[in-house]
$ cat run_37.txt   # compact mmCIF, C-alpha atoms
# COMPACT_ATOMS: atom_id res chain seq x y z
CA MET A 1 0.27 -7.44 19.08
CA PRO A 2 0.30 -8.60 15.46
CA THR A 3 1.10 -12.28 15.18
CA LYS A 4 0.25 -13.30 11.65
CA ARG A 5 -1.06 -11.96 8.42
CA LEU A 6 -4.78 -12.04 7.68
CA THR A 7 -5.75 -13.98 4.60
CA LEU A 8 -7.59 -12.40 1.71
CA ASP A 9 -10.78 -14.17 2.74
CA GLU A 10 -10.47 -12.89 6.30
CA VAL A 11 -9.96 -9.35 5.09
CA ARG A 12 -12.86 -9.69 2.69
CA SER A 13 -15.01 -11.00 5.51
CA LEU A 14 -14.09 -8.03 7.70
CA TYR A 15 -14.88 -5.72 4.81
CA GLU A 16 -18.30 -7.20 4.28
CA LYS A 17 -19.06 -7.26 8.00
CA HIS A 18 -17.85 -3.80 8.98
CA GLY A 19 -17.40 -1.88 5.73
CA ALA A 20 -20.76 -0.14 5.66
CA ALA A 21 -20.55 0.84 9.32
CA LEU A 22 -16.99 2.09 8.82
CA VAL A 23 -18.08 4.36 5.99
CA GLY A 24 -20.99 5.62 8.07
CA TYR A 25 -18.62 6.24 10.95
CA ALA A 26 -16.21 8.14 8.71
CA CYS A 27 -19.16 10.27 7.60
CA SER A 28 -20.06 10.88 11.22
CA CYS A 29 -16.45 12.01 11.72
CA GLY A 30 -17.05 14.73 9.16
CA LEU A 31 -16.17 13.24 5.78
CA ASP A 32 -18.37 13.28 2.73
CA ARG A 33 -19.57 9.91 1.50
CA ALA A 34 -17.08 9.55 -1.39
CA SER A 35 -14.10 10.44 0.77
CA ALA A 36 -15.30 8.09 3.47
CA GLU A 37 -15.46 5.22 0.99
CA ASP A 38 -12.01 6.09 -0.34
CA VAL A 39 -10.54 6.13 3.15
CA MET A 40 -12.09 2.78 3.92
CA GLN A 41 -10.93 1.18 0.67
CA GLN A 42 -7.41 2.43 1.27
CA LEU A 43 -7.44 1.01 4.76
CA PHE A 44 -8.39 -2.46 3.55
CA LEU A 45 -5.97 -2.41 0.65
CA LYS A 46 -3.25 -1.40 3.08
CA MET A 47 -4.23 -4.28 5.32
CA LEU A 48 -3.85 -6.66 2.40
CA GLY A 49 -0.41 -5.26 1.68
CA GLU A 50 0.84 -5.56 5.24
CA LYS A 51 3.38 -8.32 5.80
CA THR A 52 2.26 -8.99 9.36
CA PHE A 53 -1.14 -7.90 10.45
CA ALA A 54 -3.53 -9.60 12.81
CA PRO A 55 -5.00 -7.35 15.50
CA ARG A 56 -6.58 -9.09 18.43
CA ALA A 57 -9.73 -7.02 18.09
CA PRO A 58 -10.13 -6.38 14.36
CA ALA A 59 -13.30 -4.31 14.68
CA ALA A 60 -11.78 -1.96 17.23
CA TYR A 61 -8.65 -1.67 15.11
CA LEU A 62 -10.66 -0.86 11.98
CA PHE A 63 -12.83 1.78 13.62
CA ARG A 64 -9.83 3.36 15.24
CA ALA A 65 -7.90 3.40 11.96
CA ILE A 66 -10.88 4.90 10.13
CA ARG A 67 -11.24 7.51 12.82
CA ASN A 68 -7.60 8.55 12.54
CA ALA A 69 -7.67 8.58 8.75
CA SER A 70 -10.90 10.57 8.71
CA LEU A 71 -9.60 13.15 11.14
CA ASN A 72 -6.37 13.45 9.15
CA MET A 73 -8.23 13.90 5.88
CA ARG A 74 -10.59 16.40 7.43
CA ARG A 75 -7.65 18.36 8.81
CA ASP A 76 -5.95 18.34 5.40
CA ARG A 77 -9.11 19.60 3.75
CA HIS A 78 -10.18 22.12 6.33
CA ARG A 79 -9.76 24.97 3.85
CA GLU A 80 -11.85 23.31 1.15
CA THR A 81 -15.52 24.00 0.72
CA ASP A 82 -17.74 21.04 0.03
CA LEU A 83 -20.02 21.88 -2.87
CA GLN A 84 -21.65 18.47 -3.06
CA PRO A 85 -25.07 18.04 -1.46
CA PRO A 86 -24.83 15.87 1.65
CA GLU A 87 -25.47 12.18 1.01
CA SER A 88 -27.34 9.98 3.41
CA TRP A 89 -25.34 7.74 5.71
CA PHE A 90 -28.13 5.27 6.30
CA SER A 91 -30.84 3.31 4.64
CA HIS A 92 -34.10 2.50 6.36
CA VAL A 93 -35.39 -1.06 6.50
CA ASN A 94 -38.65 0.13 4.95
CA GLY A 95 -36.95 2.55 2.58
CA ASN A 96 -38.30 5.57 4.43
CA HIS A 97 -36.09 8.42 3.24
CA ASP A 98 -37.71 11.00 5.49
CA GLU A 99 -36.83 8.98 8.54
CA VAL A 100 -33.27 8.68 7.31
CA ALA A 101 -33.01 12.41 6.73
CA THR A 102 -34.43 13.11 10.16
CA LEU A 103 -32.05 10.78 11.91
CA GLN A 104 -29.06 12.07 10.00
CA ARG A 105 -29.93 15.67 10.70
CA ALA A 106 -30.29 14.87 14.37
CA LEU A 107 -26.94 13.10 14.44
CA GLU A 108 -25.21 15.90 12.56
CA GLU A 109 -26.39 18.41 15.08
CA LEU A 110 -25.01 16.44 17.99
CA PRO A 111 -21.62 17.42 19.39
CA GLU A 112 -18.96 15.49 17.53
CA GLU A 113 -17.84 13.31 20.45
CA GLN A 114 -21.41 12.40 21.28
CA ARG A 115 -22.24 11.68 17.65
CA GLU A 116 -19.37 9.27 17.16
CA THR A 117 -20.06 7.55 20.44
CA VAL A 118 -23.74 7.06 19.63
CA PHE A 119 -22.81 5.81 16.17
CA LEU A 120 -20.33 3.31 17.51
CA LYS A 121 -22.68 2.13 20.22
CA VAL A 122 -25.55 1.47 17.86
CA TRP A 123 -23.94 0.40 14.59
CA SER A 124 -20.43 -0.90 15.24
CA GLY A 125 -21.38 -3.81 17.48
CA MET A 126 -18.54 -2.94 19.85
CA THR A 127 -18.59 -2.97 23.61
CA LEU A 128 -18.29 0.22 25.61
CA GLN A 129 -14.72 -0.70 26.50
CA GLU A 130 -13.86 -1.13 22.82
CA ILE A 131 -15.51 2.19 22.03
CA ALA A 132 -13.46 3.76 24.79
CA ASP A 133 -10.32 2.31 23.19
CA VAL A 134 -11.28 3.50 19.73
CA THR A 135 -12.07 7.03 20.81
CA GLU A 136 -9.20 7.14 23.32
CA THR A 137 -11.65 8.20 25.99
CA PRO A 138 -12.18 6.93 29.53
CA LEU A 139 -14.92 4.37 29.84
CA ASN A 140 -17.01 6.56 32.14
CA THR A 141 -16.87 9.40 29.65
CA VAL A 142 -17.99 7.11 26.87
CA ALA A 143 -20.87 5.92 28.98
CA SER A 144 -21.85 9.47 29.75
CA ARG A 145 -21.91 10.34 26.06
CA ILE A 146 -24.44 7.71 25.21
CA VAL A 147 -27.69 9.44 25.43
CA THR A 148 -30.95 7.69 25.90
CA PRO A 149 -34.25 9.37 25.36
CA CYS A 150 -36.35 10.22 28.29
CA LYS A 151 -39.37 8.13 29.00
CA SER A 152 -41.77 10.60 27.54
CA CYS A 153 -39.81 10.80 24.33
CA ALA A 154 -38.96 7.15 23.89
CA SER A 155 -42.14 6.31 22.16
CA THR A 156 -41.85 9.24 19.81
CA TRP A 157 -38.63 7.74 18.42
CA ALA A 158 -40.65 4.98 16.96
CA ASN A 159 -43.29 7.30 15.53
CA THR A 160 -43.29 9.23 12.30
CA SER A 161 -41.23 12.27 11.44
CA ARG A 162 -43.94 14.56 12.77
CA ASN A 163 -42.19 14.17 16.08
CA GLU A 164 -38.84 15.17 14.72
CA ASP A 165 -38.42 17.99 17.18
CA LYS A 166 -39.19 15.74 20.11
CA ARG A 167 -36.76 13.17 18.83
CA TRP A 168 -34.12 15.80 18.48
CA THR A 169 -34.83 16.98 21.97
CA ALA A 170 -34.48 13.43 23.17
CA MET A 171 -31.10 12.99 21.57
CA THR A 172 -29.61 16.25 22.71
CA ARG A 173 -30.82 16.34 26.24
CA LYS A 174 -28.33 15.78 29.01
CA PRO A 175 -27.33 12.17 28.99
CA ASN A 176 -28.79 9.35 31.01
CA VAL A 177 -25.97 6.92 31.36
CA ILE A 178 -26.64 3.36 30.34
CA MET B 1 -30.82 -0.96 30.06
CA ASP B 2 -34.46 -0.13 30.62
CA ARG B 3 -37.39 -0.54 28.30
CA HIS B 4 -37.01 2.94 26.81
CA ASP B 5 -33.39 2.37 25.97
CA GLU B 6 -34.37 -0.83 24.26
CA GLU B 7 -37.06 0.96 22.32
CA THR B 8 -34.62 3.60 21.29
CA GLU B 9 -32.07 1.08 20.17
CA ARG B 10 -34.75 -0.89 18.36
CA TYR B 11 -35.79 2.29 16.60
CA LEU B 12 -32.23 3.14 15.66
CA ARG B 13 -31.60 -0.36 14.42
CA GLN B 14 -34.23 0.17 11.76
CA PHE B 15 -31.50 2.16 10.11
CA ARG B 16 -28.52 0.50 8.54
CA PRO B 17 -25.37 2.14 7.25
CA ARG B 18 -25.73 2.38 3.49
CA ALA B 19 -24.30 -0.44 1.42
CA ILE B 20 -20.83 0.05 0.04
CA ARG B 21 -19.16 -0.85 -3.20
CA PRO B 22 -17.17 -4.09 -3.27
CA LEU B 23 -13.55 -4.06 -2.25
CA ALA B 24 -11.62 -2.95 -5.33
CA LEU B 25 -9.12 -5.76 -5.61
CA ALA B 26 -9.23 -6.19 -9.38
CA PRO B 27 -6.87 -3.33 -10.27
CA LYS B 28 -4.47 -4.52 -7.61
CA ALA B 29 -4.57 -8.06 -9.00
CA GLY B 30 -3.99 -6.64 -12.47
CA LYS B 31 -1.04 -4.66 -11.21
CA MET B 32 0.34 -7.73 -9.52
CA LEU B 33 0.04 -9.69 -12.76
CA LEU B 34 1.78 -6.93 -14.68
CA ARG B 35 4.50 -6.78 -12.07
CA SER B 36 4.96 -10.54 -12.24
CA LEU B 37 5.19 -10.43 -16.01
CA ALA B 38 7.67 -7.58 -15.91
CA PHE B 39 9.74 -9.42 -13.32
CA ALA B 40 9.71 -12.61 -15.40
CA ALA B 41 10.71 -10.67 -18.48
CA ALA B 42 13.57 -9.00 -16.59
CA VAL B 43 14.80 -12.35 -15.26
CA THR B 44 14.65 -13.90 -18.75
CA LEU B 45 16.51 -10.96 -20.23
CA PHE B 46 19.17 -11.14 -17.55
CA ALA B 47 19.60 -14.88 -18.02
CA ALA B 48 19.85 -14.48 -21.81
CA ALA B 49 22.38 -11.68 -21.45
CA THR B 50 24.45 -13.75 -19.03
CA VAL B 51 24.48 -16.77 -21.37
CA TRP B 52 25.36 -14.57 -24.34
CA PHE B 53 28.16 -12.84 -22.44
CA ALA B 54 29.56 -16.13 -21.14
CA HIS B 55 29.44 -17.61 -24.64
CA ARG B 56 31.17 -14.56 -26.09
CA GLU B 57 33.91 -14.73 -23.46
CA THR B 58 34.44 -18.40 -24.18
CA MET B 59 34.65 -17.67 -27.88
CA ARG B 60 37.09 -14.84 -27.30
CA ARG B 61 39.34 -17.00 -25.14
CA THR B 62 39.25 -19.77 -27.68
CA GLU B 63 40.12 -17.34 -30.44
CA THR B 64 42.95 -15.80 -28.42
CA ALA B 65 44.37 -19.20 -27.62
CA ARG B 66 44.12 -20.15 -31.27
CA LEU B 67 45.91 -16.96 -32.38
CA GLN B 68 48.62 -17.37 -29.78
CA SER B 69 49.12 -20.90 -30.87
CA ALA B 70 49.31 -19.79 -34.50
CA ILE B 71 51.83 -17.06 -33.66
CA ALA B 72 53.90 -19.45 -31.65
CA ASN B 73 53.91 -21.87 -34.55
CA ASN B 74 54.90 -19.13 -37.01
CA THR B 75 57.65 -17.61 -34.91
CA GLY B 76 58.85 -20.78 -33.39
CA VAL B 77 58.67 -19.25 -29.92
CA GLN B 78 55.91 -19.18 -27.41
CA ARG B 79 54.56 -15.70 -26.77
CA TYR B 80 54.95 -14.46 -23.23
CA VAL B 81 52.10 -12.21 -22.49
CA THR B 82 52.30 -11.75 -18.78
CA THR B 83 54.72 -9.55 -16.95
CA VAL B 84 55.46 -12.32 -14.46
CA GLU B 85 56.56 -14.67 -17.17
CA LEU B 86 58.73 -12.03 -18.81
CA THR B 87 60.31 -11.16 -15.47
CA ARG B 88 61.04 -14.79 -14.76
CA LEU B 89 62.57 -15.14 -18.19
CA ALA B 90 64.69 -12.00 -17.69
CA LEU B 91 66.11 -13.50 -14.54
CA ASN B 92 66.77 -16.95 -15.96
CA ASP B 93 67.32 -16.67 -19.67
CA ASN B 94 68.41 -13.33 -21.12
CA GLU B 95 68.99 -14.62 -24.62
CA LYS B 96 65.53 -16.00 -24.93
CA LEU B 97 64.10 -12.75 -23.54
CA ASP B 98 65.96 -10.75 -26.20
CA GLU B 99 64.64 -13.08 -28.85
CA ILE B 100 61.08 -12.69 -27.60
CA LEU B 101 61.32 -8.91 -27.30
CA ALA B 102 62.77 -8.66 -30.80
CA GLU B 103 59.86 -10.73 -32.13
CA GLU B 104 57.34 -8.71 -30.19
CA SER B 105 58.78 -5.43 -31.41
CA ARG B 106 58.66 -6.67 -35.00
CA GLN B 107 54.96 -7.25 -34.56
CA ALA B 108 54.21 -4.18 -32.50
CA LEU B 109 56.19 -1.56 -34.45
CA PRO B 110 55.83 -0.67 -38.15
CA ALA B 111 58.41 -2.09 -40.50
CA VAL B 112 61.06 0.41 -41.53
CA GLN B 113 62.80 -1.61 -44.18
CA GLY B 114 60.02 -1.84 -46.76
CA LYS B 115 60.12 0.21 -49.97
CA GLN B 116 57.11 2.29 -48.97
CA SER B 117 57.98 2.63 -45.29
CA THR B 118 57.60 5.99 -43.61
CA LEU B 119 61.32 6.38 -43.00
CA ARG B 120 62.14 5.94 -46.68
CA VAL B 121 59.49 8.46 -47.69
CA LEU B 122 60.86 10.97 -45.18
CA ALA B 123 64.43 10.32 -46.31
CA LYS B 124 63.50 11.18 -49.92
CA ASP B 125 62.10 14.53 -48.73
$ encode --input "run_37.txt" --output "structure tokens"
Amino acid sequence: MPTKRLTLDEVRSLYEKHGAALVGYACSCGLDRASAEDVMQQLFLKMLGEKTFAPRAPAAYLFRAIRNASLNMRRDRHRETDLQPPESWFSHVNGNHDEVATLQRALEELPEEQRETVFLKVWSGMTLQEIADVTETPLNTVASRIVTPCKSCASTWANTSRNEDKRWTAMTRKPNVI
Amino acid sequence: MDRHDEETERYLRQFRPRAIRPLALAPKAGKMLLRSLAFAAAVTLFAAATVWFAHRETMRRTETARLQSAIANNTGVQRYVTTVELTRLALNDNEKLDEILAEESRQALPAVQGKQSTLRVLAKD
């Protein structure tokens, strides 16, 4: 329940803390990078314009709002064809673009619900319960969507892109619930 | 979470969502400034118009009072401009009412006794 308005500094802090992950999440929901950034900017500007806004769990609120906005935009644009080449959602700590491409391809090929759940689990910093709230999904279902690689594949995740197929296999296999 | 899950998460955490552009607040701030300026200008204009109108009304009233006073001085009678006053006069003082109406009609209607009056011109035709 909103109780007070967030200050500009608080909003800016939320933006800096969650902005990049929100854009990545919007991309994982099917938006191109530019649209994802636009959606996120609009969300924060709207937050600044709200007279009373202070969600109890800001991160969950933001990811949920981005999800709704992304799905709405995607629905509105379902007849449009995207002519832009896909942009990467991630950067690698060592600047390894091949690894980024591999990961992104693997994520894109996941079923949508699984993709967004994995994304939220790894990069949003939210708890499973918060993820369940954001995705409007029962907690058990969320848990079942979080896939962990099998023992034999776990090490290959940390190896080079030669093992791309194994990694992909690891991500898409039937889930082991955390 | 077992060791393999941790390894997986550790692997995935090597990736970070790409950096984003800063929150675009500048245009909004600019708009706010423009809005504030426009609002201030509107308020100033309204205040100026109100002062001007009030001043004009005061001037008009002063002028009217001055004219009425001048007319009253010239005619020797006070002009009765309101219906209430005329009604009261009609009830109390018929002679004075006749005098006032005669004076008013002299001012309101064109003179017919002058050499170039319309009636004389028509009578010649």
$ interface_residues --input "run_37.txt" --of "chain B" --to "chain A" --cutoff "7 Å" --atoms "all atoms listed in the file" --output "JSON, numbers by chain"
{"B": [1, 4, 5, 7, 8, 9, 11, 14, 15, 16, 17, 18, 19, 20, 23]}
$ closest_residue --input "run_37.txt" --among "A:Ala54, A:Thr137, A:Leu43, A:Arg74" --to "Leu6 in chain A" --atoms "only C-alpha atoms"
A:Ala54
$ residues_around --input "run_37.txt" --residues "Asp32 in chain A" --least-positions-apart "5" --cutoff "8 Å" --atoms "only C-alpha atoms" --output "list in words"
Cys27, Pro86 and Glu87 of chain A
